[in-house]
Amino acid sequence: MINDADFQKAVELIGKSNKVLITTHTRPDGDGCGCIAALSETLTTLGKNVKILLLSELPAWYEFLFEQKPEFTAEHAKHAEKQLDIKIKNSAVSANSAVKHSDLIIIVDTDTYNQLPELDKYLKQPDKPILVIDHHVTSPSRLGVEPRPGDNLGDVRLIDNSVAATALIVFDLLKYAGWPITKKIAEALFVAVATDTGWFQFDNTDSRTLKVCAELIDAGVNPSKMYRQLYQNTSPQQFSLMVAMLNTLELHLGGRFAMQHLTQEDFKKAGAKYSDTENLIDVCRKISGVEAAALFVEQTNGQIKVSLRSWQLAPRPAGGFVDVCKIAKKFEGGGHKMAAGAHLPGPLENAKKLIYDAVAEQFKQPFDSAQSFDSTQDGERSRTRW
Ligand SMILES: [Mn+2]
């Protein structure tokens, strides 16, 4: 839990500011976008001049959270145009000038430099206050869960890695400050919590999460409308990309580990964007027995971006799950214990082998000692395919 003294510091920091820049990690997810939308609405109502800056494009299915499509950095636009061979239509702003025209920076849902490209240069030598609101295990926190020294970003830090979503901290901040939670703000926070808990399916869904959501529903959220917006709103392009991905599905380690990939060619054929990969990795969770998954996405520079997920299958007498954050960190990535990512050297087969070995290693760890599964045999068999 975050104490009142820290909430007070955050309120004072916001009180003193006039021009607030709000941002989140690159490849913004529902939690990042929802927190930004909620804070932007709140601060605008307080009379602040608010600027939202994304470090990569807003996924289409979160557009409904914003009246105006938020800007993203010119640096990203350039990179994306080159990478995906597309023309970016949105107006783009340089990170430098956005920072220059603000007197407070709020960062939500991350506090690591490597998730804040373009801004990181500035954040290392800031000349204005920074407020960080985050719940990731990579944040050094009072609970001391896997601290990652060096990224201790921000002058005021509202960090609690025991909560399911950053939005729960934003909710507490609004309550502490006595700032009204309008229907619009409630919707943004609800989307944040619902997406970070996989619509209340993930293990992080606890009573606190549901109590906050109950309050958000009382504030005007229609969960069924939100569900339709988020999960029954797939573009044909994203659907094609999913089909391409599913065609690459491989099950390993006795059917417990799923691997899939996407090549640049797949994006071209589907007419899809990189942001269309969000949530695709979770599709294989539908397969009985799968408790870890990796999705490898080929980049134009030949690198491979891997997303990792793990799930705790019940009942398991020994408890535990694959710690994918540990695997990601091996390759200088990061994230949560059950959702993480990293960049790996190509080609695809190389990246797959690196991750396969790391996952197989974890399956040998004590957490699943209750099961007499031998991962090496399957490993040998699988490796012949690489
Ligand atoms: Mn989050």
# chains A, B, ... in the order shown; residues from 1 in each chain; ligands from 1
$ residues_near_ligand --ligand "ligand 1" --cutoff "8 Å" --atoms "only C-alpha atoms and all ligand atoms" --output "ChimeraX atom specification"
/A:29-32,109-110,134-136,164-167,192,196
$ residues_around --residues "range 153-159 of chain A" --least-positions-apart "3" --cutoff "7 Å" --atoms "only C-alpha atoms" --output "ChimeraX atom specification"
/A:2,6,9-10,111,129-135,141
$ atom_distance --atom1 "CA of Leu230 in chain A" --atom2 "CA of Ile281 in chain A"
15.9 Å
$ residues_around --residues "Pro180 in chain A" --least-positions-apart "6" --cutoff "10 Å" --atoms "only C-alpha atoms" --output "list in words"
Thr42, Thr45, Leu174, Ala186 and Ala219 of chain A
$ select_by_dssp --residues "range 77-218 of chain A" --states "strand (DSSP E or B)" --output "ChimeraX atom specification"
/A:92-93,104-108,130-134,156-159
$ write_last_selection --atoms "N, CA and C atoms" --output "PDB file, in the first residue's frame"
ATOM      1  N   ALA A  92       3.027  14.212 -35.474  1.00  0.00           N
ATOM      2  CA  ALA A  92       3.980  13.674 -34.507  1.00  0.00           C
ATOM      3  C   ALA A  92       4.816  14.816 -33.958  1.00  0.00           C
ATOM      4  N   VAL A  93       5.231  14.683 -32.712  1.00  0.00           N
ATOM      5  CA  VAL A  93       5.942  15.751 -32.042  1.00  0.00           C
ATOM      6  C   VAL A  93       7.262  15.181 -31.520  1.00  0.00           C
ATOM      7  N   LEU A 104       5.756  19.614 -15.522  1.00  0.00           N
ATOM      8  CA  LEU A 104       5.650  18.377 -14.737  1.00  0.00           C
ATOM      9  C   LEU A 104       5.492  17.218 -15.717  1.00  0.00           C
ATOM     10  N   ILE A 105       6.196  16.137 -15.435  1.00  0.00           N
ATOM     11  CA  ILE A 105       6.046  14.948 -16.278  1.00  0.00           C
ATOM     12  C   ILE A 105       5.467  13.833 -15.428  1.00  0.00           C
ATOM     13  N   ILE A 106       4.404  13.240 -15.911  1.00  0.00           N
ATOM     14  CA  ILE A 106       3.824  12.087 -15.206  1.00  0.00           C
ATOM     15  C   ILE A 106       4.037  10.852 -16.074  1.00  0.00           C
ATOM     16  N   ILE A 107       4.639   9.821 -15.482  1.00  0.00           N
ATOM     17  CA  ILE A 107       4.871   8.567 -16.192  1.00  0.00           C
ATOM     18  C   ILE A 107       4.034   7.490 -15.514  1.00  0.00           C
ATOM     19  N   VAL A 108       3.216   6.806 -16.284  1.00  0.00           N
ATOM     20  CA  VAL A 108       2.396   5.744 -15.693  1.00  0.00           C
ATOM     21  C   VAL A 108       2.775   4.382 -16.259  1.00  0.00           C
ATOM     22  N   ILE A 130       9.258  14.916 -11.842  1.00  0.00           N
ATOM     23  CA  ILE A 130       8.667  13.743 -12.491  1.00  0.00           C
ATOM     24  C   ILE A 130       7.885  12.958 -11.437  1.00  0.00           C
ATOM     25  N   LEU A 131       6.663  12.612 -11.794  1.00  0.00           N
ATOM     26  CA  LEU A 131       5.827  11.770 -10.930  1.00  0.00           C
ATOM     27  C   LEU A 131       5.670  10.420 -11.613  1.00  0.00           C
ATOM     28  N   VAL A 132       6.033   9.355 -10.915  1.00  0.00           N
ATOM     29  CA  VAL A 132       5.910   8.013 -11.492  1.00  0.00           C
ATOM     30  C   VAL A 132       4.839   7.228 -10.744  1.00  0.00           C
ATOM     31  N   ILE A 133       3.916   6.650 -11.493  1.00  0.00           N
ATOM     32  CA  ILE A 133       2.870   5.803 -10.897  1.00  0.00           C
ATOM     33  C   ILE A 133       2.975   4.444 -11.580  1.00  0.00           C
ATOM     34  N   ASP A 134       3.279   3.401 -10.788  1.00  0.00           N
ATOM     35  CA  ASP A 134       3.546   2.110 -11.439  1.00  0.00           C
ATOM     36  C   ASP A 134       3.325   0.933 -10.495  1.00  0.00           C
ATOM     37  N   VAL A 156       8.651  12.012  -7.185  1.00  0.00           N
ATOM     38  CA  VAL A 156       7.617  11.427  -6.344  1.00  0.00           C
ATOM     39  C   VAL A 156       7.211  10.126  -7.008  1.00  0.00           C
ATOM     40  N   ARG A 157       7.176   9.062  -6.199  1.00  0.00           N
ATOM     41  CA  ARG A 157       6.915   7.736  -6.761  1.00  0.00           C
ATOM     42  C   ARG A 157       5.743   7.095  -6.050  1.00  0.00           C
ATOM     43  N   LEU A 158       4.698   6.783  -6.811  1.00  0.00           N
ATOM     44  CA  LEU A 158       3.579   6.031  -6.256  1.00  0.00           C
ATOM     45  C   LEU A 158       3.703   4.625  -6.826  1.00  0.00           C
ATOM     46  N   ILE A 159       4.383   3.777  -6.097  1.00  0.00           N
ATOM     47  CA  ILE A 159       4.691   2.435  -6.595  1.00  0.00           C
ATOM     48  C   ILE A 159       4.100   1.403  -5.647  1.00  0.00           C
TER      49      ILE A 159
END
$ atom_distance --atom1 "CA of Val193 in chain A" --atom2 "CA of Tyr62 in chain A"
13.3 Å
$ atom_distance --atom1 "CA of Asn301 in chain A" --atom2 "CA of Glu349 in chain A"
15.6 Å
$ closest_residue --among "A:Leu216, A:Val243, A:Leu168, A:Val324" --to "Leu262 in chain A" --atoms "only C-alpha atoms"
A:Val243
$ residues_around --residues "Phe64 in chain A" --least-positions-apart "2" --cutoff "12 Å" --atoms "only C-alpha atoms" --output "JSON, numbers by chain"
{"A": [30, 33, 34, 37, 58, 59, 60, 61, 62, 66, 67, 68, 69, 70, 184, 187, 188, 191, 225, 226, 228, 229, 230, 233]}
$ select_by_dssp --residues "range 118-285 of chain A" --states "alpha helix (DSSP H)" --output "ChimeraX atom specification"
/A:120-123,166-177,183-196,207-218,223-231,236-246,264-270
$ write_last_selection --atoms "C-alpha atoms" --output "mmCIF file, in the first residue's frame"
data_model
loop_
_atom_site.group_PDB
_atom_site.id
_atom_site.type_symbol
_atom_site.label_atom_id
_atom_site.label_comp_id
_atom_site.auth_asym_id
_atom_site.auth_seq_id
_atom_site.Cartn_x
_atom_site.Cartn_y
_atom_site.Cartn_z
ATOM 1 C CA ASP A 120 15.123 8.270 -21.461
ATOM 2 C CA LYS A 121 17.861 10.702 -22.521
ATOM 3 C CA TYR A 122 15.957 13.541 -20.956
ATOM 4 C CA LEU A 123 14.782 11.615 -17.895
ATOM 5 C CA THR A 166 -1.543 0.969 -12.213
ATOM 6 C CA ALA A 167 -5.126 2.223 -12.526
ATOM 7 C CA LEU A 168 -5.811 1.041 -8.973
ATOM 8 C CA ILE A 169 -3.130 3.449 -7.742
ATOM 9 C CA VAL A 170 -4.546 6.254 -9.900
ATOM 10 C CA PHE A 171 -7.980 5.478 -8.423
ATOM 11 C CA ASP A 172 -6.566 5.791 -4.883
ATOM 12 C CA LEU A 173 -4.847 9.058 -5.808
ATOM 13 C CA LEU A 174 -8.106 10.560 -7.094
ATOM 14 C CA LYS A 175 -9.915 9.415 -3.956
ATOM 15 C CA TYR A 176 -7.185 10.782 -1.695
ATOM 16 C CA ALA A 177 -7.214 14.146 -3.450
ATOM 17 C CA LYS A 183 -18.239 8.419 -15.874
ATOM 18 C CA LYS A 184 -15.530 9.126 -18.417
ATOM 19 C CA ILE A 185 -12.758 8.741 -15.858
ATOM 20 C CA ALA A 186 -14.398 5.613 -14.458
ATOM 21 C CA GLU A 187 -14.531 4.078 -17.944
ATOM 22 C CA ALA A 188 -10.848 4.767 -18.541
ATOM 23 C CA LEU A 189 -9.851 3.246 -15.199
ATOM 24 C CA PHE A 190 -12.151 0.259 -15.747
ATOM 25 C CA VAL A 191 -10.577 -0.450 -19.142
ATOM 26 C CA ALA A 192 -7.141 -0.254 -17.518
ATOM 27 C CA VAL A 193 -8.022 -2.749 -14.799
ATOM 28 C CA ALA A 194 -10.018 -5.045 -17.092
ATOM 29 C CA THR A 195 -7.188 -5.317 -19.631
ATOM 30 C CA ASP A 196 -4.389 -5.802 -17.089
ATOM 31 C CA SER A 207 -10.952 -8.593 -4.040
ATOM 32 C CA ARG A 208 -9.395 -5.128 -4.097
ATOM 33 C CA THR A 209 -9.553 -5.163 -7.891
ATOM 34 C CA LEU A 210 -13.224 -6.103 -7.890
ATOM 35 C CA LYS A 211 -14.136 -3.621 -5.150
ATOM 36 C CA VAL A 212 -12.627 -0.785 -7.164
ATOM 37 C CA CYS A 213 -14.442 -2.000 -10.289
ATOM 38 C CA ALA A 214 -17.707 -2.104 -8.347
ATOM 39 C CA GLU A 215 -17.185 1.568 -7.489
ATOM 40 C CA LEU A 216 -16.374 2.335 -11.111
ATOM 41 C CA ILE A 217 -19.602 0.652 -12.204
ATOM 42 C CA ASP A 218 -21.462 2.777 -9.650
ATOM 43 C CA PRO A 223 -19.038 -3.453 -18.361
ATOM 44 C CA SER A 224 -20.843 -5.118 -21.248
ATOM 45 C CA LYS A 225 -20.299 -2.071 -23.470
ATOM 46 C CA MET A 226 -16.644 -2.024 -22.479
ATOM 47 C CA TYR A 227 -16.306 -5.728 -23.314
ATOM 48 C CA ARG A 228 -17.719 -5.185 -26.780
ATOM 49 C CA GLN A 229 -15.378 -2.238 -27.368
ATOM 50 C CA LEU A 230 -12.329 -4.214 -26.306
ATOM 51 C CA TYR A 231 -12.846 -7.805 -27.312
ATOM 52 C CA PRO A 236 -9.964 -7.816 -40.317
ATOM 53 C CA GLN A 237 -6.227 -7.071 -40.503
ATOM 54 C CA GLN A 238 -5.630 -8.138 -36.943
ATOM 55 C CA PHE A 239 -7.729 -11.224 -37.528
ATOM 56 C CA SER A 240 -5.596 -12.173 -40.551
ATOM 57 C CA LEU A 241 -2.483 -11.677 -38.460
ATOM 58 C CA MET A 242 -3.919 -14.003 -35.827
ATOM 59 C CA VAL A 243 -4.593 -16.661 -38.458
ATOM 60 C CA ALA A 244 -0.985 -16.375 -39.699
ATOM 61 C CA MET A 245 0.259 -16.701 -36.141
ATOM 62 C CA LEU A 246 -1.904 -19.712 -35.349
ATOM 63 C CA GLN A 264 7.560 -9.219 -41.629
ATOM 64 C CA GLU A 265 5.925 -10.994 -44.557
ATOM 65 C CA ASP A 266 2.943 -11.907 -42.357
ATOM 66 C CA PHE A 267 2.414 -8.239 -41.486
ATOM 67 C CA LYS A 268 2.536 -7.266 -45.147
ATOM 68 C CA LYS A 269 0.117 -9.960 -46.246
ATOM 69 C CA ALA A 270 -2.338 -9.139 -43.483
#
$ residues_around --residues "Leu119 in chain A" --least-positions-apart "4" --cutoff "10 Å" --atoms "only C-alpha atoms" --output "VMD selection string"
chain A and resid 23 55 73 94 to 96 98 to 99 113 to 115 123 to 124
$ write_last_selection --atoms "N, CA and C atoms" --output "compact mmCIF listing (two decimals), in the first residue's frame"
# COMPACT_ATOMS: atom_id res chain seq x y z
N THR A 23 2.79 10.44 -19.98
CA THR A 23 3.21 9.42 -20.92
C THR A 23 3.20 8.04 -20.25
N LEU A 55 4.88 6.96 -26.86
CA LEU A 55 6.19 6.66 -27.42
C LEU A 55 6.08 5.69 -28.59
N THR A 73 5.69 10.29 -30.56
CA THR A 73 6.92 10.98 -30.89
C THR A 73 7.28 10.87 -32.37
N SER A 94 8.30 16.01 -31.45
CA SER A 94 9.55 15.46 -30.94
C SER A 94 9.49 15.40 -29.41
N ALA A 95 10.08 14.35 -28.87
CA ALA A 95 10.06 14.14 -27.42
C ALA A 95 10.67 15.35 -26.72
N ASN A 96 11.73 15.85 -27.32
CA ASN A 96 12.44 16.98 -26.75
C ASN A 96 11.55 18.21 -26.58
N ALA A 98 8.28 18.34 -26.53
CA ALA A 98 7.17 18.07 -25.60
C ALA A 98 7.64 18.25 -24.16
N VAL A 99 8.84 17.78 -23.89
CA VAL A 99 9.39 17.90 -22.54
C VAL A 99 9.64 19.38 -22.21
N TYR A 113 13.94 2.85 -17.90
CA TYR A 113 14.37 3.64 -19.06
C TYR A 113 14.15 2.90 -20.37
N ASN A 114 14.40 1.59 -20.34
CA ASN A 114 14.32 0.89 -21.63
C ASN A 114 12.90 0.79 -22.18
N GLN A 115 11.92 1.14 -21.35
CA GLN A 115 10.55 1.17 -21.86
C GLN A 115 10.14 2.59 -22.24
N LEU A 123 15.13 12.01 -19.26
CA LEU A 123 14.78 11.61 -17.89
C LEU A 123 16.01 11.38 -17.02
N LYS A 124 17.14 11.10 -17.66
CA LYS A 124 18.35 10.88 -16.89
C LYS A 124 18.92 12.19 -16.35
$ closest_residue --among "A:Cys325, A:Val163, A:Val50, A:Val359" --to "Ala258 in chain A" --atoms "only C-alpha atoms"
A:Val359
$ closest_residue --among "A:Leu295, A:Cys284, A:Ala5, A:Ala328" --to "Arg256 in chain A" --atoms "only C-alpha atoms"
A:Cys284
$ closest_residue --among "A:Asp357, A:Asp206, A:Glu332, A:Asp276" --to "His252 in chain A" --atoms "only C-alpha atoms"
A:Asp357
$ residues_around --residues "Ala358 in chain A" --least-positions-apart "4" --cutoff "7 Å" --atoms "only C-alpha atoms" --output "ChimeraX atom specification"
/A:327,354,362
$ write_last_selection --atoms "C-alpha atoms" --output "compact mmCIF listing (two decimals), in the first residue's frame"
# COMPACT_ATOMS: atom_id res chain seq x y z
CA ILE A 327 13.71 -15.41 -18.62
CA LEU A 354 17.35 -19.38 -26.73
CA GLN A 362 12.49 -23.49 -15.64
